[in-house]
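So this block is coords22.txt, compact mmCIF, C-alpha atoms and all ligand atoms:
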```
# COMPACT_ATOMS: atom_id res chain seq x y z
CA MET A 1 0.00 0.00 0.00
CA THR A 2 1.29 3.48 -0.89
CA LYS A 3 2.46 5.37 2.15
CA ARG A 4 1.13 8.91 2.54
CA ALA A 5 3.19 11.55 4.29
CA LEU A 6 2.37 15.09 5.34
CA ILE A 7 5.32 17.50 5.59
CA THR A 8 4.77 20.79 7.38
CA GLY A 9 7.44 23.29 6.27
CA ILE A 10 7.81 21.63 2.85
CA THR A 11 8.98 24.96 1.35
CA GLY A 12 11.97 25.09 3.71
CA GLN A 13 15.44 23.63 3.28
CA ASP A 14 14.71 20.31 5.02
CA GLY A 15 11.14 20.04 3.73
CA SER A 16 12.31 20.20 0.13
CA TYR A 17 15.01 17.55 0.60
CA LEU A 18 12.67 15.32 2.60
CA ALA A 19 9.96 15.57 -0.07
CA GLU A 20 12.51 14.45 -2.69
CA HIS A 21 13.64 11.58 -0.49
CA LEU A 22 10.12 10.33 0.27
CA LEU A 23 9.11 10.59 -3.40
CA SER A 24 12.16 8.51 -4.32
CA LEU A 25 10.90 5.86 -1.88
CA GLY A 26 7.48 5.76 -3.54
CA TYR A 27 5.54 7.85 -1.00
CA GLU A 28 2.56 10.03 -1.83
CA VAL A 29 3.76 13.37 -0.50
CA HIS A 30 1.55 16.17 0.82
CA GLY A 31 2.84 19.52 2.02
CA LEU A 32 1.40 22.12 4.31
CA VAL A 33 2.06 25.68 3.13
CA ARG A 34 0.95 29.15 4.12
CA ARG A 35 -1.88 30.73 2.12
CA VAL A 36 0.41 33.67 1.16
CA ALA A 37 2.85 31.18 -0.40
CA LEU A 38 0.17 29.92 -2.77
CA GLU A 39 -0.33 33.51 -3.89
CA ASP A 40 3.36 34.00 -4.74
CA PRO A 41 4.57 30.61 -6.00
CA ALA A 42 7.52 31.89 -8.08
CA ARG A 43 9.24 33.26 -4.98
CA ARG A 44 7.86 31.15 -2.13
CA PHE A 45 8.12 27.73 -3.81
CA GLN A 46 11.68 28.14 -5.13
CA ARG A 47 13.01 25.09 -3.31
CA ILE A 48 10.16 22.82 -4.45
CA ALA A 49 9.56 24.27 -7.95
CA HIS A 50 10.82 21.02 -9.51
CA LEU A 51 8.43 18.96 -7.35
CA LEU A 52 5.19 20.90 -7.80
CA ASP A 53 3.64 18.36 -10.17
CA LYS A 54 4.56 15.49 -7.83
CA VAL A 55 3.29 16.75 -4.45
CA THR A 56 -0.10 17.92 -3.16
CA LEU A 57 -0.10 21.19 -1.27
CA HIS A 58 -2.60 22.22 1.41
CA ALA A 59 -2.92 25.76 2.76
CA ALA A 60 -2.91 26.19 6.54
CA SER A 61 -1.29 28.25 9.24
CA LEU A 62 0.53 26.92 12.28
CA GLU A 63 -1.22 29.64 14.27
CA SER A 64 -4.68 28.30 13.44
CA TYR A 65 -5.89 25.02 14.92
CA PRO A 66 -8.99 24.85 12.68
CA SER A 67 -6.85 25.20 9.53
CA LEU A 68 -4.52 22.37 10.65
CA PHE A 69 -7.48 20.22 11.74
CA HIS A 70 -9.02 20.69 8.30
CA VAL A 71 -5.84 19.55 6.47
CA VAL A 72 -5.42 16.50 8.72
CA SER A 73 -9.09 15.58 8.13
CA GLN A 74 -8.65 15.65 4.33
CA VAL A 75 -6.32 12.68 3.77
CA GLU A 76 -5.39 9.55 5.69
CA PHE A 77 -1.70 10.24 6.38
CA SER A 78 0.46 7.45 7.78
CA GLU A 79 3.42 9.71 8.63
CA CYS A 80 3.64 13.38 9.57
CA TYR A 81 6.94 15.27 9.54
CA HIS A 82 6.45 18.45 11.50
CA LEU A 83 9.24 20.71 10.22
CA ALA A 84 7.48 24.08 10.01
CA ALA A 85 8.83 26.60 12.50
CA GLN A 86 10.31 30.05 12.90
CA SER A 87 13.80 28.58 12.70
CA PHE A 88 16.13 31.59 12.86
CA VAL A 89 17.63 31.90 16.34
CA ALA A 90 18.55 35.60 16.01
CA GLU A 91 14.98 36.48 15.00
CA SER A 92 13.70 34.73 18.12
CA PHE A 93 15.50 37.35 20.24
CA THR A 94 13.80 40.12 18.25
CA ASP A 95 10.33 38.58 18.41
CA GLY A 96 10.27 35.86 21.02
CA PHE A 97 6.51 36.00 21.34
CA SER A 98 5.70 35.03 17.76
CA THR A 99 8.49 32.41 17.73
CA MET A 100 6.94 30.81 20.83
CA ASN A 101 3.45 31.04 19.42
CA THR A 102 4.36 29.43 16.07
CA ASN A 103 6.75 26.82 17.40
CA ILE A 104 5.01 25.73 20.59
CA ASN A 105 1.32 26.15 19.78
CA GLY A 106 1.89 25.03 16.18
CA THR A 107 3.37 21.76 17.46
CA HIS A 108 0.64 21.33 20.05
CA TYR A 109 -2.09 21.95 17.44
CA MET A 110 -0.56 19.38 15.07
CA LEU A 111 -0.35 16.77 17.82
CA ALA A 112 -3.89 17.49 19.03
CA ALA A 113 -5.34 17.29 15.50
CA LEU A 114 -3.57 13.98 14.87
CA ARG A 115 -4.74 12.58 18.21
CA GLU A 116 -8.30 13.49 17.34
CA LEU A 117 -8.34 12.36 13.70
CA ARG A 118 -5.34 10.11 12.95
CA PRO A 119 -4.08 8.57 16.20
CA LYS A 120 -2.17 5.89 14.27
CA CYS A 121 -0.24 8.43 12.17
CA ARG A 122 3.48 8.46 13.03
CA PHE A 123 4.76 11.90 14.04
CA TYR A 124 8.25 13.38 13.70
CA PHE A 125 9.19 16.51 15.64
CA ALA A 126 12.10 18.65 14.43
CA GLY A 127 14.06 19.07 17.65
CA SER A 128 17.35 20.95 17.69
CA SER A 129 20.82 21.02 19.22
CA GLU A 130 19.85 24.57 20.33
CA MET A 131 17.98 22.78 23.12
CA PHE A 132 21.39 21.90 24.67
CA GLY A 133 22.43 25.57 24.59
CA LYS A 134 24.94 26.17 27.37
CA VAL A 135 26.08 22.58 27.17
CA ALA A 136 26.13 20.46 30.32
CA GLU A 137 28.51 17.91 28.77
CA THR A 138 30.51 17.30 25.60
CA PRO A 139 29.66 15.63 23.27
CA GLN A 140 25.89 15.99 23.59
CA THR A 141 23.70 12.87 23.58
CA GLU A 142 20.02 12.02 24.00
CA THR A 143 20.46 12.20 27.78
CA THR A 144 22.31 15.53 27.99
CA ARG A 145 20.42 18.08 30.13
CA PHE A 146 18.76 20.94 28.23
CA HIS A 147 19.82 24.53 28.87
CA PRO A 148 18.43 26.56 25.95
CA ARG A 149 19.88 30.05 25.40
CA SER A 150 17.24 31.66 23.17
CA PRO A 151 13.46 31.86 22.80
CA TYR A 152 13.94 29.55 19.79
CA GLY A 153 15.76 26.97 21.93
CA ILE A 154 13.09 27.23 24.62
CA SER A 155 10.33 26.75 22.04
CA LYS A 156 12.06 23.58 20.79
CA VAL A 157 12.38 22.19 24.33
CA ALA A 158 8.63 22.76 24.76
CA GLY A 159 7.87 21.09 21.40
CA PHE A 160 10.09 18.16 22.34
CA GLU A 161 8.32 17.73 25.70
CA LEU A 162 4.88 17.96 24.08
CA THR A 163 5.92 15.27 21.59
CA ARG A 164 7.18 13.02 24.38
CA ASN A 165 4.01 13.64 26.39
CA TYR A 166 1.72 12.61 23.51
CA ARG A 167 3.79 9.43 23.20
CA GLU A 168 3.56 8.64 26.91
CA ALA A 169 0.02 9.87 27.65
CA TYR A 170 -1.83 8.71 24.54
CA GLY A 171 0.37 5.90 23.23
CA MET A 172 0.92 7.69 19.93
CA TYR A 173 3.96 7.01 17.74
CA CYS A 174 5.79 10.31 18.30
CA SER A 175 9.56 10.65 17.79
CA SER A 176 11.92 13.62 17.96
CA GLY A 177 15.16 14.16 16.14
CA LEU A 178 17.74 16.21 18.05
CA LEU A 179 19.35 17.52 14.91
CA PHE A 180 22.56 19.50 14.93
CA ASN A 181 23.10 22.26 12.34
CA HIS A 182 22.66 21.05 8.80
CA GLU A 183 23.25 23.06 5.68
CA GLY A 184 23.47 22.91 1.90
CA PRO A 185 22.84 25.02 -1.20
CA ARG A 186 19.17 25.45 -0.23
CA ARG A 187 19.98 26.96 3.18
CA GLY A 188 18.34 30.34 3.94
CA TYR A 189 20.67 33.30 3.31
CA GLU A 190 20.43 34.61 6.89
CA PHE A 191 22.12 31.54 8.41
CA VAL A 192 25.86 31.96 8.84
CA THR A 193 27.03 29.23 6.44
CA ARG A 194 24.98 30.47 3.49
CA LYS A 195 25.77 34.08 4.35
CA ILE A 196 29.46 33.19 4.11
CA THR A 197 29.34 31.06 0.94
CA SER A 198 27.04 33.45 -0.95
CA THR A 199 29.07 36.53 -0.01
CA ALA A 200 32.41 34.87 -0.76
CA ALA A 201 31.08 34.04 -4.24
CA ARG A 202 29.78 37.58 -4.76
CA ILE A 203 33.09 39.11 -3.60
CA LYS A 204 34.95 36.83 -6.00
CA LEU A 205 32.86 38.15 -8.90
CA GLY A 206 33.12 41.79 -7.82
CA LEU A 207 29.47 41.99 -6.70
CA ALA A 208 30.28 42.62 -2.99
CA GLU A 209 33.23 44.08 -1.11
CA GLU A 210 33.03 42.72 2.42
CA LEU A 211 31.24 40.34 4.76
CA LYS A 212 29.94 41.51 8.13
CA LEU A 213 29.67 38.82 10.78
CA GLY A 214 29.24 38.51 14.55
CA ASN A 215 30.94 35.85 16.69
CA LEU A 216 33.63 34.04 14.69
CA GLU A 217 34.59 31.74 17.56
CA ALA A 218 31.23 29.92 17.93
CA GLN A 219 31.67 26.20 17.26
CA ARG A 220 29.08 24.12 15.45
CA ASP A 221 28.67 20.51 14.37
CA TRP A 222 27.68 21.13 10.74
CA GLY A 223 26.30 18.35 8.53
CA HIS A 224 24.47 18.26 5.19
CA ALA A 225 20.66 18.54 5.14
CA LYS A 226 20.40 15.77 2.52
CA ASP A 227 21.97 13.33 4.97
CA TYR A 228 19.82 14.50 7.86
CA VAL A 229 16.42 14.04 6.17
CA ARG A 230 17.27 10.35 5.69
CA ALA A 231 17.55 10.08 9.48
CA MET A 232 14.10 11.69 9.94
CA HIS A 233 12.54 9.03 7.73
CA LEU A 234 14.41 6.18 9.44
CA MET A 235 13.14 7.34 12.86
CA LEU A 236 9.55 6.74 11.78
CA GLN A 237 10.33 3.23 10.46
CA GLN A 238 11.35 1.78 13.85
CA GLU A 239 9.22 -0.62 15.85
CA ARG A 240 8.91 1.86 18.71
CA PRO A 241 9.00 5.67 18.80
CA ASP A 242 12.11 7.23 20.34
CA ASP A 243 14.39 10.28 20.25
CA TYR A 244 17.71 10.43 18.41
CA VAL A 245 20.67 12.80 18.14
CA VAL A 246 21.73 13.37 14.52
CA ALA A 247 25.19 14.90 14.14
CA THR A 248 28.54 14.38 12.46
CA GLY A 249 30.63 14.29 15.66
CA GLU A 250 32.95 17.04 14.33
CA THR A 251 32.96 20.66 15.38
CA HIS A 252 34.34 23.72 13.58
CA THR A 253 34.38 27.45 14.30
CA VAL A 254 32.64 30.06 12.18
CA ARG A 255 36.15 31.40 11.50
CA GLU A 256 37.22 28.03 10.07
CA PHE A 257 34.11 27.95 7.89
CA CYS A 258 35.09 31.39 6.53
CA GLU A 259 38.66 30.28 5.90
CA ARG A 260 37.54 27.25 3.91
CA ALA A 261 34.72 28.95 1.98
CA PHE A 262 36.88 31.91 0.93
CA GLY A 263 39.69 29.44 0.20
CA GLU A 264 37.39 27.69 -2.30
CA VAL A 265 37.38 30.87 -4.41
CA GLY A 266 41.07 31.58 -3.85
CA LEU A 267 40.59 34.44 -1.37
CA ASP A 268 41.88 35.11 2.17
CA TYR A 269 38.85 35.69 4.43
CA ARG A 270 40.90 38.01 6.70
CA GLU A 271 40.87 40.67 3.99
CA TYR A 272 37.07 40.72 3.68
CA VAL A 273 35.42 39.65 6.95
CA LYS A 274 34.54 42.53 9.33
CA ILE A 275 33.07 42.14 12.78
CA ASP A 276 29.75 43.89 13.23
CA GLU A 277 28.29 43.88 16.75
CA ARG A 278 24.75 43.86 15.36
CA PHE A 279 25.26 40.16 14.59
CA LEU A 280 26.23 39.21 18.15
CA ARG A 281 23.50 37.49 20.18
CA PRO A 282 22.35 38.45 23.71
CA ALA A 283 23.16 34.88 24.79
CA GLU A 284 25.35 32.69 22.60
CA VAL A 285 25.64 28.92 22.24
CA ASP A 286 29.42 28.60 22.23
CA LEU A 287 30.03 24.95 21.44
CA LEU A 288 27.99 22.15 19.94
CA ILE A 289 29.20 18.68 19.06
CA GLY A 290 26.87 15.71 18.89
CA ASP A 291 27.28 12.02 19.61
CA ALA A 292 25.02 10.21 17.11
CA ARG A 293 25.97 6.70 18.23
CA LYS A 294 22.35 5.74 18.93
CA ALA A 295 21.22 6.83 15.44
CA ARG A 296 24.14 4.96 13.87
CA GLU A 297 23.50 1.78 15.84
CA GLU A 298 19.69 1.67 15.92
CA LEU A 299 18.78 3.41 12.65
CA GLY A 300 21.83 2.33 10.66
CA TRP A 301 22.27 6.00 9.74
CA GLU A 302 25.59 7.40 8.49
CA PRO A 303 26.28 10.82 7.02
CA GLU A 304 27.73 10.75 3.51
CA TYR A 305 28.99 14.30 3.08
CA THR A 306 32.20 15.52 4.70
CA PHE A 307 32.50 19.09 6.00
CA ALA A 308 34.79 20.01 3.09
CA GLU A 309 32.45 18.50 0.47
CA MET A 310 29.48 20.37 1.87
CA ILE A 311 31.30 23.72 1.71
CA ARG A 312 32.53 22.99 -1.81
CA GLU A 313 28.98 22.23 -2.98
CA MET A 314 27.59 25.38 -1.36
CA VAL A 315 30.28 27.66 -2.79
CA ALA A 316 29.92 26.13 -6.28
CA ALA A 317 26.13 26.72 -6.22
CA ASP A 318 26.61 30.28 -4.99
CA LEU A 319 29.23 31.03 -7.66
CA GLU A 320 26.72 29.90 -10.28
CA ALA A 321 24.02 32.14 -8.76
CA ALA A 322 26.45 35.08 -8.57
CA GLN A 323 27.41 34.61 -12.21
CA LEU A 324 23.72 34.87 -13.17
CA GLU A 325 23.33 37.91 -10.94
CA GLY A 326 26.42 39.51 -12.53
CA GLY A 327 25.08 38.72 -16.01
CA ARG A 328 21.72 40.31 -15.19
CA ALA A 329 23.42 43.44 -13.77
CA ALA A 330 25.62 43.78 -16.87
CA HIS A 331 22.58 43.34 -19.12
CA PHE A 332 20.67 45.97 -17.11
CA SER A 333 23.44 48.58 -17.30
CA ALA A 334 24.08 47.87 -21.01
CA SER A 335 20.39 48.35 -21.75
CA ARG A 336 20.47 51.78 -20.07
CA VAL A 337 23.32 53.17 -22.20
P1 LIG A 401 13.55 26.66 7.18
O1 LIG A 401 14.29 26.53 5.90
O2 LIG A 401 13.55 27.96 7.91
O3 LIG A 401 12.02 26.27 6.86
C1 LIG A 401 11.00 26.55 7.78
C2 LIG A 401 9.66 26.13 7.18
O4 LIG A 401 8.64 26.44 8.13
C3 LIG A 401 9.30 26.88 5.89
O5 LIG A 401 8.67 25.98 5.03
C4 LIG A 401 8.32 27.93 6.38
O6 LIG A 401 7.38 28.33 5.41
C5 LIG A 401 7.59 27.14 7.47
N1 LIG A 401 6.90 28.03 8.41
C6 LIG A 401 7.45 28.96 9.21
N2 LIG A 401 6.50 29.58 9.91
C7 LIG A 401 5.31 29.02 9.54
C8 LIG A 401 3.96 29.25 9.90
N3 LIG A 401 3.65 30.18 10.80
N4 LIG A 401 2.98 28.50 9.34
C9 LIG A 401 3.30 27.55 8.42
N5 LIG A 401 4.58 27.30 8.02
C10 LIG A 401 5.57 28.04 8.58
O7 LIG A 401 14.01 25.57 8.23
P2 LIG A 401 14.84 24.21 7.99
O8 LIG A 401 16.29 24.52 8.09
O9 LIG A 401 14.31 23.50 6.82
O10 LIG A 401 14.47 23.41 9.33
C11 LIG A 401 13.33 22.56 9.39
C12 LIG A 401 12.96 22.33 10.85
O11 LIG A 401 14.05 21.74 11.54
C13 LIG A 401 12.62 23.59 11.63
O12 LIG A 401 11.62 23.26 12.57
C14 LIG A 401 13.90 23.94 12.35
O13 LIG A 401 13.62 24.69 13.52
C15 LIG A 401 14.43 22.56 12.65
N6 LIG A 401 15.88 22.42 12.76
C16 LIG A 401 16.68 22.88 11.75
C17 LIG A 401 18.06 22.67 11.84
C18 LIG A 401 18.98 23.13 10.76
O14 LIG A 401 20.20 23.21 11.00
N7 LIG A 401 18.50 23.39 9.54
C19 LIG A 401 18.59 22.00 12.96
C20 LIG A 401 17.73 21.54 13.94
C21 LIG A 401 16.38 21.73 13.82
P3 LIG A 401 7.61 29.62 4.46
O15 LIG A 401 8.44 29.12 3.31
O16 LIG A 401 6.24 30.02 4.08
O17 LIG A 401 8.33 30.65 5.29
O1 LIG A 402 24.40 30.65 13.50
C1 LIG A 402 27.27 32.71 14.57
C2 LIG A 402 26.04 32.68 15.46
O2 LIG A 402 22.27 31.41 12.47
C3 LIG A 402 25.49 29.78 13.73
C4 LIG A 402 19.20 26.94 12.87
O3 LIG A 402 19.00 26.10 11.77
O4 LIG A 402 20.95 25.55 13.73
C5 LIG A 402 20.65 26.87 13.31
O5 LIG A 402 20.84 27.79 14.37
C6 LIG A 402 26.56 30.49 14.57
C7 LIG A 402 26.01 31.20 15.82
O6 LIG A 402 22.62 28.96 13.11
C8 LIG A 402 26.84 35.48 12.28
O7 LIG A 402 26.21 33.56 16.56
C9 LIG A 402 28.39 34.74 13.59
O8 LIG A 402 26.87 30.97 16.89
O9 LIG A 402 23.78 29.85 11.18
P1 LIG A 402 23.24 30.27 12.49
P2 LIG A 402 22.21 28.58 14.60
O10 LIG A 402 21.90 29.76 15.42
O11 LIG A 402 23.25 27.64 15.11
C10 LIG A 402 20.17 25.08 14.84
C11 LIG A 402 20.59 23.67 15.15
C12 LIG A 402 18.71 25.25 14.63
O12 LIG A 402 17.91 24.47 15.12
C13 LIG A 402 18.26 26.53 14.00
O13 LIG A 402 16.95 26.41 13.46
O14 LIG A 402 27.14 31.53 13.78
N1 LIG A 402 27.33 33.87 13.69
N2 LIG A 402 28.11 35.72 12.75
C14 LIG A 402 26.36 34.31 12.88
N3 LIG A 402 25.15 33.79 12.59
C15 LIG A 402 24.38 34.44 11.68
N4 LIG A 402 23.19 33.93 11.35
N5 LIG A 402 24.82 35.60 11.08
C16 LIG A 402 26.03 36.16 11.34
O15 LIG A 402 26.37 37.21 10.80
```
Represent the supplied structure as structure tokens.
Amino acid sequence: MTKRALITGITGQDGSYLAEHLLSLGYEVHGLVRRVALEDPARRFQRIAHLLDKVTLHAASLESYPSLFHVVSQVEFSECYHLAAQSFVAESFTDGFSTMNTNINGTHYMLAALRELRPKCRFYFAGSSEMFGKVAETPQTETTRFHPRSPYGISKVAGFELTRNYREAYGMYCSSGLLFNHEGPRRGYEFVTRKITSTAARIKLGLAEELKLGNLEAQRDWGHAKDYVRAMHLMLQQERPDDYVVATGETHTVREFCERAFGEVGLDYREYVKIDERFLRPAEVDLLIGDARKAREELGWEPEYTFAEMIREMVAADLEAAQLEGGRAAHFSASRV
């Protein structure tokens, strides 16, 4: 029987890779999108443009229980991947209230709608290494104590606890991934990796002059999103629901990321990177490094990309985009002469 999956946040980085992965496995894939996205498909569906004839989209808002209830009532889903969230940590300091509302209530609404209508549907919650925050131990595992350092991190702890509670209280199949940072050429431009690779490419082509960043010493365990969506799927194929850390087990500083990304285009980052205090956070997560032994042993999951390969792929994609941008700018100025 064809498996049917609902992905909330299908327009995001992970949603787009997960949709591709599930389609390749023969799933019928449905995505939950915001109404405004349906009104502006060229811009809002960029990451899933190549999938639009293969997936079914449903309009709903994480802030509205009736809209989510309606989508869940439409189709008999066997798996639900709840990825939609306000995912930018810095923004959560600016507007903690809406981050909490979207991330906590949105998760609670999804769980409540599934409990009511599809109690057998398997549920995946997109937990985050930001939940570890000011880390209690290194490396971080499934049993490491949480100490979130941002409204975003707090919202993910609450979502994680809600997910666990639905598992324990109602016997539902609810699992959480504790995913460490994962990136790729579809990463949003505001996140540090994409900000670095896109600006390095633009500097190389003479389209930008410098890169303003905050804390260069923060350390992150960066993997590739393509690898991490495979782990999400594997979590929902187990006999019993459970929670898993997904990480590479390597950590690197933002400075090292700059060095490598600029190195890819033959530049020395020290000549272009400037520190701008506006990009410092009120409370920083200094060091993250995950121990994914449980995912490796129980799910049989292994990452395929190395850190260097991921950066190379991101820089190559951004060079291509910058070349197009440069071509358009040249065309525009030529047409004005
Ligand atoms: P992303 O690119 O920012 O995508 C977020 C998705 O959520 C988008 O599809 C967005 O829709 C949707 N969304 C946001 N607010 C919404 C709302 N109010 N109603 C409906 N949809 C809404 O994030 P990502 O990197 O793919 O991450 C996926 C999930 O994993 C998130 O929950 C994130 O917090 C979590 N996570 C990410 C990482 C990571 O390193 N990437 C690590 C750990 C956990 P629009 O396109 O309409 O904005
Ligand atoms: O920051 C530092 C910043 O915004 C990484 C999300 O996907 O992963 C992501 O959260 C580090 C931080 O990601 C700039 O201070 C320096 O230490 O790329 P980021 P994040 O905050 O780690 C987790 C696991 C998630 O769950 C989140 O959804 O880089 N940094 N200078 C900067 N960061 C940004 N964005 N911009 C800078 O200029």
* To do: Could you tell me how far CA of Met235 in chain A lies from atom P1 of ligand LIG 401 (chain A), in Å and to one decimal?
  => 20.1 Å
Taking only C-alpha atoms and all ligand atoms into account, which residues have an atom no farther than 7 Å from ligand LIG 401 (chain A)? I'd like them as a tab-separated table (two decimals) with C-alpha atoms, in the coordinates of the input.
```tsv
chain	number	residue	atom	x	y	z
A	8	THR	CA	4.77	20.79	7.38
A	9	GLY	CA	7.44	23.29	6.27
A	10	ILE	CA	7.81	21.63	2.85
A	11	THR	CA	8.98	24.96	1.35
A	12	GLY	CA	11.97	25.09	3.71
A	13	GLN	CA	15.44	23.63	3.28
A	14	ASP	CA	14.71	20.31	5.02
A	15	GLY	CA	11.14	20.04	3.73
A	33	VAL	CA	2.06	25.68	3.13
A	34	ARG	CA	0.95	29.15	4.12
A	37	ALA	CA	2.85	31.18	-0.40
A	44	ARG	CA	7.86	31.15	-2.13
A	60	ALA	CA	-2.91	26.19	6.54
A	61	SER	CA	-1.29	28.25	9.24
A	62	LEU	CA	0.53	26.92	12.28
A	63	GLU	CA	-1.22	29.64	14.27
A	83	LEU	CA	9.24	20.71	10.22
A	84	ALA	CA	7.48	24.08	10.01
A	85	ALA	CA	8.83	26.60	12.50
A	86	GLN	CA	10.31	30.05	12.90
A	87	SER	CA	13.80	28.58	12.70
A	88	PHE	CA	16.13	31.59	12.86
A	102	THR	CA	4.36	29.43	16.07
A	126	ALA	CA	12.10	18.65	14.43
A	127	GLY	CA	14.06	19.07	17.65
A	128	SER	CA	17.35	20.95	17.69
A	129	SER	CA	20.82	21.02	19.22
A	178	LEU	CA	17.74	16.21	18.05
A	179	LEU	CA	19.35	17.52	14.91
A	180	PHE	CA	22.56	19.50	14.93
A	181	ASN	CA	23.10	22.26	12.34
A	182	HIS	CA	22.66	21.05	8.80
A	183	GLU	CA	23.25	23.06	5.68
A	187	ARG	CA	19.98	26.96	3.18
A	188	GLY	CA	18.34	30.34	3.94
A	225	ALA	CA	20.66	18.54	5.14
```
Could you name the residues that touch Ala292 in chain A at 8 Å or less, counting only C-alpha atoms, but leaving out those on the same chain fewer than 5 positions away, as a CSV table (one decimal) with C-alpha atoms, in the frame of the given file?
```csv
chain,number,residue,atom,x,y,z
A,141,THR,CA,23.7,12.9,23.6
A,244,TYR,CA,17.7,10.4,18.4
A,245,VAL,CA,20.7,12.8,18.1
A,246,VAL,CA,21.7,13.4,14.5
A,247,ALA,CA,25.2,14.9,14.1
A,248,THR,CA,28.5,14.4,12.5
A,249,GLY,CA,30.6,14.3,15.7
```
* Return the single residue from A:Gln323, A:Ser175, A:Thr143, A:Thr99 that is closest to ligand LIG 402 (chain A), with distances computed using only C-alpha atoms and all ligand atoms. =>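 Using only C-alpha atoms and all ligand atoms, the shortest distance to ligand LIG 402 (chain A) belongs to A:Thr99.
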* To do: Could the residues that lie within 7 Å of ligand LIG 402 (chain A), counting only C-alpha atoms and all ligand atoms, be listed as a ChimeraX atom specification?
  => /A:87-90,128-130,179-182,190-193,195,212-216,218-220,254,279-281,284-286
* Computed interatomic separation between CA of Thr251 in chain A and CA of Asp221 in chain A (Å) ->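 Answer for the CA of Thr251 in chain A to CA of Asp221 in chain A separation: 4.4 Å.
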* Structure fact -> Judged by only C-alpha atoms, the minimum distance to Thr306 in chain A among A:Asp227, A:Glu91, A:Glu20, A:Glu210 is found for A:Asp227
* Residues within 8 Å of range 157-166 of chain A, all atoms listed in the file, excluding chain neighbours under 4 positions, as number ranges by chain -> A: 103-104, 107-108, 111, 125, 127, 131, 146, 148, 153, 170-172, 174-176
* Asked: Between CA of Ala19 in chain A and CA of Glu142 in chain A, what is the distance, to one decimal in Å?
  -> 26.3 Å
* **Shortest interatomic distance to Glu217 in chain A - which of A:Ile275, A:Ala136, A:Val75, A:Ala5, counting all atoms listed in the file** => A:Ile275
Nearby residues (all atoms listed in the file) at most 8 Å from Leu211 in chain A, same-chain spacing under 3 positions excluded, as a CSV table (one decimal) with C-alpha atoms, in the coordinates of the input:
```
chain,number,residue,atom,x,y,z
A,196,ILE,CA,29.5,33.2,4.1
A,199,THR,CA,29.1,36.5,0.0
A,200,ALA,CA,32.4,34.9,-0.8
A,272,TYR,CA,37.1,40.7,3.7
A,273,VAL,CA,35.4,39.6,7.0
A,274,LYS,CA,34.5,42.5,9.3
```
* To do: Identify, on the basis of all atoms listed in the file, every residue whose closest approach to Leu207 in chain A does not exceed 8 Å; exclude the query and any residue fewer than 3 positions from it along the same chain; express the result as a PyMOL selection string.
  => chain A and resi 202-204+322+326
* Nearest to Tyr27 in chain A, chosen from A:Arg115, A:Arg255, A:His233, A:Arg296, with all atoms listed in the file counted in the distances ->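 Counting all atoms listed in the file, the residue closest to Tyr27 in chain A is A:His233.
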* **Option closest in space to Gly223 in chain A, from A:Met310, A:Leu32, A:Met100, A:Ala283 [counting all atoms listed in the file]** =>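 Counting all atoms listed in the file, the residue closest to Gly223 in chain A is A:Met310.
Considering only C-alpha atoms, the residue among A:Arg240, A:His224, A:Arg43, A:Arg145 positioned nearest to Phe123 in chain A is A:Arg240.
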